[in-house]
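Source file: start_7.cif. Holds: mmCIF, C-alpha atoms.
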data_protein
loop_
_atom_site.label_atom_id
_atom_site.label_comp_id
_atom_site.auth_asym_id
_atom_site.auth_seq_id
_atom_site.Cartn_x
_atom_site.Cartn_y
_atom_site.Cartn_z
CA MET A 1 -100.67 84.72 163.93
CA ALA A 2 -101.50 82.97 167.21
CA ALA A 3 -103.98 85.71 168.12
CA PHE A 4 -106.04 84.81 165.08
CA GLY A 5 -105.82 81.08 165.74
CA PHE A 6 -109.55 80.94 166.22
CA LEU A 7 -109.94 81.80 162.53
CA ASP A 8 -108.08 78.66 161.41
CA ASP A 9 -111.28 76.63 161.30
CA VAL A 10 -112.94 79.26 159.13
CA MET A 11 -109.98 79.48 156.76
CA ARG A 12 -110.18 75.74 156.11
CA MET A 13 -113.85 75.77 155.14
CA ASN A 14 -115.16 75.47 151.63
CA LYS A 15 -118.02 77.64 150.44
CA ARG A 16 -120.75 75.20 151.42
CA GLN A 17 -119.38 74.97 154.95
CA LEU A 18 -119.08 78.75 155.16
CA TYR A 19 -122.68 79.13 154.05
CA TYR A 20 -123.79 76.50 156.57
CA GLN A 21 -121.91 78.38 159.25
CA LEU A 22 -123.88 81.52 158.41
CA LEU A 23 -127.12 79.53 158.32
CA ASN A 24 -126.29 78.03 161.70
CA PHE A 25 -125.98 81.52 163.14
CA GLY A 26 -129.17 82.50 161.31
CA MET A 27 -131.00 79.53 162.80
CA ILE A 28 -130.03 80.41 166.36
CA VAL A 29 -131.40 83.92 165.84
CA SER A 30 -134.43 82.55 163.97
CA SER A 31 -135.28 80.04 166.68
CA ALA A 32 -135.36 82.78 169.31
CA LEU A 33 -137.41 84.98 167.00
CA MET A 34 -139.88 82.23 166.13
CA ILE A 35 -140.39 81.27 169.78
CA TRP A 36 -141.17 84.93 170.51
CA LYS A 37 -143.53 85.28 167.53
CA GLY A 38 -145.13 81.96 168.42
CA LEU A 39 -145.81 83.24 171.93
CA MET A 40 -147.32 86.38 170.40
CA VAL A 41 -149.72 84.26 168.35
CA VAL A 42 -150.66 82.05 171.30
CA THR A 43 -151.13 84.81 173.87
CA GLY A 44 -152.51 87.43 171.52
CA SER A 45 -150.22 90.03 173.05
CA GLU A 46 -147.69 91.99 171.00
CA SER A 47 -145.20 91.59 173.84
CA PRO A 48 -146.01 88.36 175.71
CA ILE A 49 -143.17 88.62 178.24
CA VAL A 50 -142.22 91.85 180.00
CA VAL A 51 -139.85 92.72 182.80
CA VAL A 52 -141.01 94.92 185.68
CA LEU A 53 -138.77 97.98 185.64
CA SER A 54 -140.11 99.99 188.57
CA GLY A 55 -141.14 99.44 192.15
CA SER A 56 -144.59 100.96 191.70
CA MET A 57 -146.34 97.58 192.09
CA GLU A 58 -144.55 96.45 195.26
CA PRO A 59 -145.21 94.19 197.12
CA ALA A 60 -146.94 92.33 194.25
CA PHE A 61 -144.06 92.71 191.81
CA TYR A 62 -140.49 93.84 192.37
CA ARG A 63 -137.98 95.24 189.92
CA GLY A 64 -136.73 92.42 187.73
CA ASP A 65 -139.77 90.15 187.93
CA LEU A 66 -140.74 88.54 184.66
CA LEU A 67 -144.42 88.69 183.68
CA LEU A 68 -146.27 86.49 181.24
CA LEU A 69 -149.08 88.38 179.50
CA THR A 70 -152.12 87.36 177.51
CA ASN A 71 -154.39 89.64 175.55
CA HIS A 72 -157.35 87.63 174.28
CA LYS A 73 -159.98 89.94 172.86
CA GLU A 74 -162.95 88.04 174.29
CA GLU A 75 -161.82 88.27 177.94
CA PRO A 76 -163.29 91.38 179.60
CA ILE A 77 -161.12 93.70 181.66
CA ARG A 78 -162.11 93.60 185.31
CA VAL A 79 -161.29 95.71 188.37
CA GLY A 80 -158.35 94.27 190.29
CA GLU A 81 -156.61 92.80 187.26
CA ILE A 82 -153.06 93.82 186.51
CA VAL A 83 -152.70 95.25 183.02
CA VAL A 84 -149.72 96.35 180.98
CA PHE A 85 -150.51 99.39 178.86
CA LYS A 86 -148.83 101.86 176.56
CA ILE A 87 -149.19 105.62 176.73
CA GLU A 88 -148.72 107.81 173.68
CA GLY A 89 -145.34 109.52 173.83
CA ARG A 90 -143.81 106.94 176.20
CA ASP A 91 -141.61 104.13 174.93
CA ILE A 92 -141.85 101.83 177.92
CA PRO A 93 -145.16 100.12 178.80
CA ILE A 94 -146.45 100.41 182.37
CA VAL A 95 -147.65 97.56 184.65
CA HIS A 96 -150.46 98.70 186.99
CA ARG A 97 -153.71 97.50 188.53
CA VAL A 98 -157.17 98.37 187.22
CA LEU A 99 -159.05 100.62 189.64
CA LYS A 100 -162.27 101.55 187.84
CA VAL A 101 -163.98 100.20 184.73
CA HIS A 102 -166.79 101.67 182.63
CA GLU A 103 -168.35 99.43 179.99
CA LYS A 104 -170.83 100.63 177.38
CA GLU A 105 -173.43 98.49 175.66
CA ASP A 106 -171.60 98.79 172.32
CA GLY A 107 -168.68 96.93 173.93
CA SER A 108 -166.33 99.87 174.35
CA VAL A 109 -164.50 100.06 177.65
CA LYS A 110 -162.68 102.79 179.51
CA PHE A 111 -160.74 102.21 182.68
CA LEU A 112 -158.43 103.84 185.20
CA THR A 113 -155.31 102.29 186.69
CA LYS A 114 -153.07 102.81 189.72
CA GLY A 115 -149.79 101.36 190.97
CA ASP A 116 -150.22 99.46 194.26
CA ASN A 117 -147.25 101.31 195.72
CA ASN A 118 -148.26 104.75 194.38
CA ALA A 119 -150.26 107.22 196.45
CA VAL A 120 -152.36 108.47 193.55
CA ASP A 121 -153.96 107.03 190.42
CA ASP A 122 -152.29 107.14 187.01
CA ARG A 123 -154.00 110.20 185.48
CA GLY A 124 -150.77 112.12 185.96
CA LEU A 125 -148.92 109.50 183.90
CA TYR A 126 -151.36 109.43 180.97
CA ALA A 127 -150.97 111.68 177.96
CA ARG A 128 -152.06 115.32 178.44
CA GLY A 129 -155.81 115.53 178.75
CA GLN A 130 -156.28 111.76 178.80
CA LEU A 131 -158.53 110.62 181.64
CA TRP A 132 -159.15 106.97 180.76
CA LEU A 133 -157.39 104.07 179.07
CA GLU A 134 -159.11 102.12 176.32
CA LYS A 135 -158.79 98.58 174.99
CA LYS A 136 -156.37 99.68 172.25
CA ASP A 137 -153.86 100.88 174.88
CA VAL A 138 -153.60 97.44 176.48
CA VAL A 139 -150.51 95.33 175.71
CA GLY A 140 -151.67 92.44 177.87
CA ARG A 141 -152.83 91.23 181.24
CA ALA A 142 -150.48 89.58 183.71
CA LYS A 143 -151.23 85.85 183.93
CA GLY A 144 -148.05 84.53 185.50
CA PHE A 145 -144.78 85.73 186.92
CA LEU A 146 -141.27 84.55 187.57
CA PRO A 147 -139.60 86.40 190.44
CA TYR A 148 -136.31 88.19 189.57
CA ALA A 149 -135.81 86.20 186.34
CA GLY A 150 -135.61 89.45 184.38
CA ILE A 151 -132.83 91.00 186.44
CA VAL A 152 -130.37 90.24 183.63
CA THR A 153 -132.45 92.38 181.28
CA ILE A 154 -132.30 95.27 183.72
CA LEU A 155 -128.52 94.91 184.05
CA MET A 156 -128.18 94.76 180.27
CA ASN A 157 -130.24 97.93 179.88
CA ASP A 158 -128.24 99.72 182.56
CA TYR A 159 -124.92 98.77 180.96
CA PRO A 160 -125.50 98.77 177.20
CA LYS A 161 -121.78 98.34 176.44
CA PHE A 162 -121.79 95.07 178.39
CA LYS A 163 -124.78 93.93 176.35
CA TYR A 164 -123.14 94.67 172.99
CA ALA A 165 -119.86 93.07 174.11
CA MET A 166 -121.74 89.89 175.12
CA LEU A 167 -123.68 89.77 171.86
CA ALA A 168 -120.55 90.36 169.77
CA PHE A 169 -118.64 87.66 171.66
CA LEU A 170 -121.42 85.09 171.26
CA GLY A 171 -121.88 85.98 167.60
CA ILE A 172 -118.18 85.56 166.83
CA PHE A 173 -118.05 82.31 168.81
CA VAL A 174 -120.93 80.80 166.84
CA LEU A 175 -119.64 82.03 163.49
CA THR A 176 -116.07 80.77 163.95
CA HIS A 177 -116.80 77.41 165.61
CA ARG A 178 -117.57 74.63 163.24
CA GLU A 179 -120.76 72.83 164.30
CA MET B 180 -96.39 54.72 149.76
CA ALA B 181 -98.89 57.50 149.51
CA SER B 182 -97.51 59.08 152.65
CA SER B 183 -94.15 60.11 151.24
CA LYS B 184 -95.64 61.69 148.13
CA ASN B 185 -98.39 63.56 149.89
CA LEU B 186 -96.76 65.25 152.82
CA PRO B 187 -98.78 68.38 153.52
CA ALA B 188 -97.17 71.64 152.53
CA ALA B 189 -96.22 73.93 155.40
CA GLU B 190 -99.18 76.28 154.87
CA ASP B 191 -101.88 73.63 155.18
CA VAL B 192 -100.74 72.12 158.44
CA VAL B 193 -103.92 71.41 160.38
CA LYS B 194 -103.45 72.39 164.01
CA ILE B 195 -106.40 72.07 166.35
CA ASP B 196 -107.31 72.16 170.00
CA LYS B 197 -106.78 68.49 170.81
CA TRP B 198 -109.20 68.53 173.75
CA ASP B 199 -112.10 69.59 171.52
CA SER B 200 -113.72 66.40 170.23
CA GLY B 201 -115.65 68.27 167.55
CA ALA B 202 -112.45 69.73 166.14
CA LEU B 203 -110.78 66.30 166.25
CA LYS B 204 -113.59 64.72 164.27
CA ASN B 205 -113.63 67.55 161.73
CA ALA B 206 -109.88 67.26 161.20
CA LEU B 207 -110.09 63.50 160.71
CA ASP B 208 -113.10 63.77 158.38
CA ASP B 209 -111.28 66.41 156.35
CA GLY B 210 -108.23 64.15 156.19
CA ALA B 211 -110.32 61.24 154.87
CA LYS B 212 -111.96 63.58 152.38
CA LYS B 213 -108.53 64.72 151.24
CA VAL B 214 -107.46 61.12 150.55
CA PHE B 215 -110.47 60.42 148.37
CA VAL B 216 -110.89 63.77 146.64
CA ASP B 217 -107.39 65.30 146.39
CA VAL B 218 -105.21 62.19 146.24
CA LEU B 219 -107.41 59.67 144.45
CA HIS B 220 -109.26 62.35 142.44
CA TYR B 221 -112.71 60.91 143.00
CA LYS B 222 -115.51 63.35 142.40
CA GLU B 223 -117.29 64.58 145.52
CA SER B 224 -121.07 64.48 145.37
CA HIS B 225 -122.65 67.30 147.35
CA HIS B 226 -126.29 66.19 147.26
CA LEU B 227 -126.58 65.32 150.96
CA MET B 228 -125.05 68.59 152.17
CA ASP B 229 -127.10 70.56 149.62
CA GLY B 230 -130.28 68.96 150.95
CA ARG B 231 -129.43 70.15 154.45
CA LEU B 232 -128.55 73.63 153.19
CA VAL B 233 -131.89 73.88 151.37
CA ILE B 234 -133.86 72.89 154.49
CA CYS B 235 -131.98 75.43 156.63
CA THR B 236 -132.30 78.18 154.04
CA ILE B 237 -136.06 77.76 153.77
CA ALA B 238 -136.38 77.75 157.56
CA VAL B 239 -134.36 80.97 157.93
CA PHE B 240 -136.36 82.48 155.06
CA PHE B 241 -139.61 81.84 156.94
CA ALA B 242 -138.20 83.53 160.04
CA MET B 243 -136.96 86.56 158.11
CA PHE B 244 -140.27 86.81 156.27
CA ALA B 245 -142.14 86.80 159.59
CA LEU B 246 -139.85 89.55 160.88
CA VAL B 247 -140.34 91.77 157.82
CA TRP B 248 -144.09 91.16 157.60
CA ASP B 249 -144.56 91.94 161.29
CA TYR B 250 -142.62 95.17 160.79
CA PHE B 251 -144.88 96.39 157.98
CA TYR B 252 -148.17 95.05 159.37
CA PRO B 253 -147.87 95.30 163.18
CA PHE B 254 -149.07 92.49 165.33
CA PRO B 255 -152.80 91.93 165.49
CA GLU B 256 -152.96 92.29 161.68
CA SER B 257 -150.03 89.98 161.01
CA ARG B 258 -151.32 87.19 163.25
CA SER B 259 -152.23 84.63 160.58
CA VAL B 260 -149.01 85.19 158.61
CA LEU B 261 -146.99 84.80 161.81
CA MET B 262 -148.83 81.61 162.65
CA VAL B 263 -148.02 80.11 159.25
CA CYS B 264 -144.35 81.14 159.54
CA VAL B 265 -143.95 79.84 163.10
CA ILE B 266 -145.54 76.49 162.32
CA SER B 267 -143.53 76.10 159.09
CA TYR B 268 -140.33 76.97 160.92
CA PHE B 269 -140.78 74.39 163.64
CA VAL B 270 -141.92 71.74 161.15
CA LEU B 271 -138.75 72.42 159.14
CA MET B 272 -136.63 72.08 162.28
CA GLY B 273 -138.23 68.68 162.80
CA VAL B 274 -137.53 67.77 159.16
CA LEU B 275 -133.92 68.87 159.65
CA THR B 276 -133.54 66.62 162.69
CA LEU B 277 -135.01 63.68 160.77
CA TYR B 278 -132.74 64.44 157.82
CA LEU B 279 -129.65 64.50 160.01
CA THR B 280 -130.64 61.26 161.77
CA TYR B 281 -131.95 59.17 158.89
CA ALA B 282 -130.48 60.62 155.68
CA GLU B 283 -127.06 61.94 156.67
CA LYS B 284 -126.36 59.50 159.53
CA GLY B 285 -122.89 60.93 160.02
CA ILE B 286 -122.02 60.68 156.33
CA PHE B 287 -119.44 63.33 155.54
CA LEU B 288 -118.38 62.31 152.06
CA VAL B 289 -120.01 60.70 149.05
CA ALA B 290 -117.35 60.24 146.40
CA LEU B 291 -117.95 58.99 142.89
CA GLU B 292 -115.23 57.02 141.16
CA LYS B 293 -115.60 57.59 137.43
CA ASP B 294 -115.02 54.68 135.14
CA PRO B 295 -111.94 55.65 133.10
CA ALA B 296 -113.62 54.54 129.87
CA MET B 297 -116.80 56.38 130.84
CA MET B 298 -118.78 53.28 129.92
CA GLU B 299 -119.91 51.96 133.29
CA PRO B 300 -121.84 53.83 135.97
CA ASP B 301 -119.75 55.39 138.75
CA ASN B 302 -118.57 53.40 141.71
CA LYS B 303 -119.80 55.03 144.89
CA TRP B 304 -117.83 55.47 148.11
CA VAL B 305 -119.76 56.62 151.16
CA LEU B 306 -117.76 57.62 154.23
CA SER B 307 -119.34 58.13 157.61
CA SER B 308 -117.77 58.62 160.99
CA SER B 309 -118.58 59.10 164.63
CA LEU B 310 -116.62 60.24 167.63
CA ARG B 311 -118.52 60.29 170.88
CA LYS B 312 -117.86 63.11 173.26
CA TYR B 313 -115.24 62.21 175.90
CA ASP B 314 -114.33 59.12 173.88
CA VAL B 315 -111.01 58.57 172.15
CA MET B 316 -112.15 56.03 169.56
CA TYR B 317 -112.83 57.40 166.09
CA ASN B 318 -115.16 55.08 164.17
CA LEU B 319 -114.93 55.26 160.41
CA THR B 320 -117.17 53.32 158.04
CA ILE B 321 -116.63 53.09 154.32
CA GLN B 322 -119.41 51.75 152.15
CA TYR B 323 -118.57 50.87 148.59
CA THR B 324 -121.16 50.35 145.86
CA ASP B 325 -119.92 48.88 142.64
CA GLY B 326 -121.40 50.84 139.73
CA LYS B 327 -121.78 47.86 137.41
CA THR B 328 -122.94 45.05 139.67
CA ARG B 329 -124.71 47.30 142.27
CA GLU B 330 -122.98 45.16 144.85
CA GLU B 331 -122.39 46.80 148.24
CA ARG B 332 -119.59 46.20 150.68
CA VAL B 333 -118.80 47.80 154.00
CA VAL B 334 -115.69 48.03 156.11
CA SER B 335 -115.26 49.93 159.31
CA CYS B 336 -112.49 50.55 161.75
CA SER B 337 -112.05 52.12 165.15
CA LYS B 338 -108.83 53.88 165.95
CA CYS B 339 -107.69 55.94 168.88
CA VAL B 340 -107.57 59.60 167.82
CA ALA B 341 -104.17 59.94 169.50
CA SER B 342 -102.61 57.86 166.72
CA PHE B 343 -103.15 60.68 164.23
CA PHE B 344 -102.33 63.81 166.23
CA ASP B 345 -99.08 64.89 167.82
CA GLU B 346 -98.80 66.41 171.30
CA ASN B 347 -99.51 69.92 170.02
CA GLY B 348 -102.65 68.93 168.20
CA VAL B 349 -101.14 68.91 164.72
CA PHE B 350 -102.93 66.48 162.46
CA CYS B 351 -100.53 63.89 160.97
CA PHE B 352 -101.98 63.24 157.55
CA ASP B 353 -99.09 60.90 156.69
CA LEU B 354 -100.13 58.58 159.52
CA PHE B 355 -103.81 58.75 158.66
CA SER B 356 -103.79 58.25 154.90
CA PRO B 357 -102.23 54.73 155.01
CA VAL B 358 -105.12 53.62 157.24
CA LEU B 359 -107.59 54.80 154.63
CA GLU B 360 -105.59 53.32 151.80
CA GLY B 361 -105.62 50.03 153.71
CA LEU B 362 -109.39 50.13 154.15
CA ARG B 363 -109.85 50.96 150.49
CA LYS B 364 -107.64 48.09 149.41
CA ASP B 365 -109.55 45.73 151.70
CA LEU B 366 -112.77 46.69 149.99
CA LEU B 367 -111.32 46.30 146.51
CA SER B 368 -109.52 43.01 147.20
CA ASP B 369 -112.76 41.58 148.53
CA LYS B 370 -114.07 42.20 145.09
CA LYS B 371 -111.35 40.15 143.44
CA LYS B 372 -111.98 37.18 145.67
CA LEU B 373 -115.60 37.05 144.64
#
For this file, write the structure as C-alpha cells.
Amino acid sequence: MAAFGFLDDVMRMNKRQLYYQLLNFGMIVSSALMIWKGLMVVTGSESPIVVVLSGSMEPAFYRGDLLLLTNHKEEPIRVGEIVVFKIEGRDIPIVHRVLKVHEKEDGSVKFLTKGDNNAVDDRGLYARGQLWLEKKDVVGRAKGFLPYAGIVTILMNDYPKFKYAMLAFLGIFVLTHRE
Amino acid sequence: MASSKNLPAAEDVVKIDKWDSGALKNALDDGAKKVFVDVLHYKESHHLMDGRLVICTIAVFFAMFALVWDYFYPFPESRSVLMVCVISYFVLMGVLTLYLTYAEKGIFLVALEKDPAMMEPDNKWVLSSSLRKYDVMYNLTIQYTDGKTREERVVSCSKCVASFFDENGVFCFDLFSPVLEGLRKDLLSDKKKL
C-alpha cells in the first residue's frame, strides 16, 4: 500500500479534478509544442533550433553546440554562410559552410558546401549523382549559437533508455501531483 | 457536535506529506468542501471550475490541431494555420491567468443553500483560501450572500495548519469541522442581529 502512496491524491479526485489533471499535463506538452511552432513561424525554418552532432565544423562549432536557424525566402544564400541542409536518404540534417554559389536570372540557385574541418567538399555526402544543393534542400541558416547547450540532447540520443525513463518519470509526476 | 457524528471512516483517512504546502492546502480545502457539501448537503456549483476547464480545453485543442495540421501539410504550407494556432494558444494562456487572478481568486467552493420551501432564491456560500509557501497560516474566507435580500457578509479566519494535522500528516477532520461550523454560525447570527 505504501508503495502506491503517491496515488492517494489521484484516488481522492473527482472527475473534474481528474480531467483538469490531464489538461494540466496536456498544457505542459502544448506549451512546449506551441513555442516550437511559434519559432518555426517566426524564423521560417522547419527546424529553428538544431544541435551540432559532429565535429566537421570545428573550430567554429563543436559537438553539442546549439544553433538558431532562420530561413527567410527573400535573403539570398551567400558564400561563407553556414547552412543546415537535408540530403535525400539521410535522416539527420548537416551543418556546413557554403563554398560556391551559382545564381541564375530566374532566381534559382545551386551551391556547394564543405565542412571547415573536412579535407574535401561535400559531393561525397550528397545523394548519388547530386552535384549541387538547391534552395529546397535548405533547412535554415545559422544566425546564432549557444556553446554546449545541446549536450543533453546528445546524451539523450546516445542513451535512449535514459531518455524514456526521464520522460516517464516526469509524466507520472505531473499526472499524480495535484496542481 | 458535528465532530462526533462525522468521524471519517477508516478508508477515507486523508494522509498527506505535511511538508508539502500544496497538499496541505488541498486537504484543508477538501475538508471545508466536505463540511458544506457532504455534511450540510448544500449543492456545489461548478461554474467557476467549468470555466477554467473550458479555457484549458480550447487551448489544448488549438495545440493538437496545429500538430495534426502540420503533420498533413508540412511546414511552409501550414505557416498561416500555425500562426493562428500559436497566437490563439498564447492569448488563451493569458486569459487563463486573468481568469485565475480575477475570477477564481482562490475560490475553491461555491455552494448553494436551497430554500427548503423552494420559494426563495438560493443562499450562496463562497469559500476561498490561501496558504503561502513556507507559511503556516491557512487563511479561509467565507462570503455569504442571502438569496432573498441580496445582502452580503464576509468572515475570515487564519489558523495555523498544525492545528488540523497530526504528526504523521493525517488530516483531523473532527478538529477542522467545528472551526467551519463556528464561522458559519457567526455569519448566520449576524443576520439575526440585523
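With the shown file loaded, the PyMOL selection byres ((chain B) within 6 of (chain A)) picks out Ala242, Phe254 and Val265 of chain B.
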Selection under test: the PyMOL selection byres ((chain B and resi 355-360) around 9); residues as a PyMOL selection string: chain B and resi 180-182+207+210-211+213-215+342-343+350-354+361-365
Point-to-point distance from atom CA of A:Trp132 to atom CA of A:Glu74, Å rounded to tenths: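 These two atoms are separated by 20.4 Å.
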Target residues per the PyMOL selection byres ((chain A and resi 49-52) around 6), formatted as a list of chain:residue names: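 Given this file, the PyMOL selection byres ((chain A and resi 49-52) around 6) evaluates to A:Ser47, A:Pro48, A:Leu53, A:Ser54, A:Arg63, A:Gly64, A:Asp65, A:Leu66, A:Leu67, A:Leu68, A:Gly150.
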Residue neighbourhood stretch 302-309 of chain B, 9 Å, all atoms listed in the file, exclusion window fewer than 2 positions, as a PDB file with C-alpha atoms, in the frame of the given file:
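Output saved as out_2.pdb:
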ATOM      1  CA  LYS B 204    -113.590  64.720 164.270  1.00  0.00           C
ATOM      2  CA  ASP B 208    -113.100  63.770 158.380  1.00  0.00           C
ATOM      3  CA  ALA B 211    -110.320  61.240 154.870  1.00  0.00           C
ATOM      4  CA  LYS B 212    -111.960  63.580 152.380  1.00  0.00           C
ATOM      5  CA  PHE B 215    -110.470  60.420 148.370  1.00  0.00           C
ATOM      6  CA  GLU B 283    -127.060  61.940 156.670  1.00  0.00           C
ATOM      7  CA  LYS B 284    -126.360  59.500 159.530  1.00  0.00           C
ATOM      8  CA  GLY B 285    -122.890  60.930 160.020  1.00  0.00           C
ATOM      9  CA  ILE B 286    -122.020  60.680 156.330  1.00  0.00           C
ATOM     10  CA  PHE B 287    -119.440  63.330 155.540  1.00  0.00           C
ATOM     11  CA  LEU B 288    -118.380  62.310 152.060  1.00  0.00           C
ATOM     12  CA  VAL B 289    -120.010  60.700 149.050  1.00  0.00           C
ATOM     13  CA  ALA B 290    -117.350  60.240 146.400  1.00  0.00           C
ATOM     14  CA  LEU B 291    -117.950  58.990 142.890  1.00  0.00           C
ATOM     15  CA  GLU B 292    -115.230  57.020 141.160  1.00  0.00           C
ATOM     16  CA  LYS B 293    -115.600  57.590 137.430  1.00  0.00           C
ATOM     17  CA  ASP B 294    -115.020  54.680 135.140  1.00  0.00           C
ATOM     18  CA  GLU B 299    -119.910  51.960 133.290  1.00  0.00           C
ATOM     19  CA  PRO B 300    -121.840  53.830 135.970  1.00  0.00           C
ATOM     20  CA  ARG B 311    -118.520  60.290 170.880  1.00  0.00           C
ATOM     21  CA  MET B 316    -112.150  56.030 169.560  1.00  0.00           C
ATOM     22  CA  TYR B 317    -112.830  57.400 166.090  1.00  0.00           C
ATOM     23  CA  ASN B 318    -115.160  55.080 164.170  1.00  0.00           C
ATOM     24  CA  LEU B 319    -114.930  55.260 160.410  1.00  0.00           C
ATOM     25  CA  THR B 320    -117.170  53.320 158.040  1.00  0.00           C
ATOM     26  CA  ILE B 321    -116.630  53.090 154.320  1.00  0.00           C
ATOM     27  CA  GLN B 322    -119.410  51.750 152.150  1.00  0.00           C
ATOM     28  CA  TYR B 323    -118.570  50.870 148.590  1.00  0.00           C
ATOM     29  CA  THR B 324    -121.160  50.350 145.860  1.00  0.00           C
ATOM     30  CA  ASP B 325    -119.920  48.880 142.640  1.00  0.00           C
ATOM     31  CA  GLY B 326    -121.400  50.840 139.730  1.00  0.00           C
ATOM     32  CA  LYS B 327    -121.780  47.860 137.410  1.00  0.00           C
ATOM     33  CA  ARG B 329    -124.710  47.300 142.270  1.00  0.00           C
TER      34      ARG B 329
END
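In terms of minimum interatomic distance to A:Ile77, A:Lys135 ranks closest within A:Lys135, A:Lys143, A:Lys114, A:Lys15, counting all atoms listed in the file.
The residue that comes closest to B:Cys235, out of B:Gly348, B:Phe269, B:Glu331, B:Ile195 and on the basis of only C-alpha atoms, is B:Phe269.
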Atom-to-atom span, atom CA of B:Val239 and atom CA of B:Ser259, Å: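 Distance reported for this atom pair: 18.4 Å.
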Could you give me, as a PDB file with C-alpha atoms, keeping the file's coordinate frame, the residues within 12 Å of A:Met156, counting all atoms listed in the file and dropping anything in the same chain fewer than 6 positions from it?
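Final file, selection.pdb:
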ATOM      1  CA  GLY A  64    -136.730  92.420 187.730  1.00  0.00           C
ATOM      2  CA  GLY A 150    -135.610  89.450 184.380  1.00  0.00           C
ATOM      3  CA  PHE A 162    -121.790  95.070 178.390  1.00  0.00           C
ATOM      4  CA  LYS A 163    -124.780  93.930 176.350  1.00  0.00           C
ATOM      5  CA  TYR A 164    -123.140  94.670 172.990  1.00  0.00           C
ATOM      6  CA  ALA A 165    -119.860  93.070 174.110  1.00  0.00           C
ATOM      7  CA  MET A 166    -121.740  89.890 175.120  1.00  0.00           C
ATOM      8  CA  LEU A 167    -123.680  89.770 171.860  1.00  0.00           C
TER       9      LEU A 167
END
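For the pair atom CA of B:Met262 and atom CA of A:Lys86, the interatomic distance is 24.6 Å.
Take the candidates A:Pro147, A:Ala142, A:Lys136, A:Phe111 and check each one against B:Pro255 using only C-alpha atoms; the shortest distance goes to A:Lys136.
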Near-A:Gly115 list (12 Å; all atoms listed in the file; drop same-chain fewer than 2 positions) as a VMD selection string: chain A and resid 54 to 61 80 to 84 94 to 99 112 to 113 117 to 125
Contacts of B:Lys312 within 9 Å, all atoms listed in the file, excl. fewer than 5 positions in-chain, as JSON, numbers by chain: {"B": [199, 200, 201]}
Find the smallest box with edges along x, y and z containing every listed atom of stretch 85-92 of chain A, then add 8 Å on each side and report centre and edge lengths in Å to one decimal, as JSON.
{"center_x": -146.1, "center_y": 104.5, "center_z": 176.3, "size_x": 24.9, "size_y": 26.1, "size_z": 21.2}
Of the listed residues A:His102, A:Asp91, A:Asn14, A:Thr153, that which approaches A:Arg78 most closely, counting all atoms listed in the file: A:His102
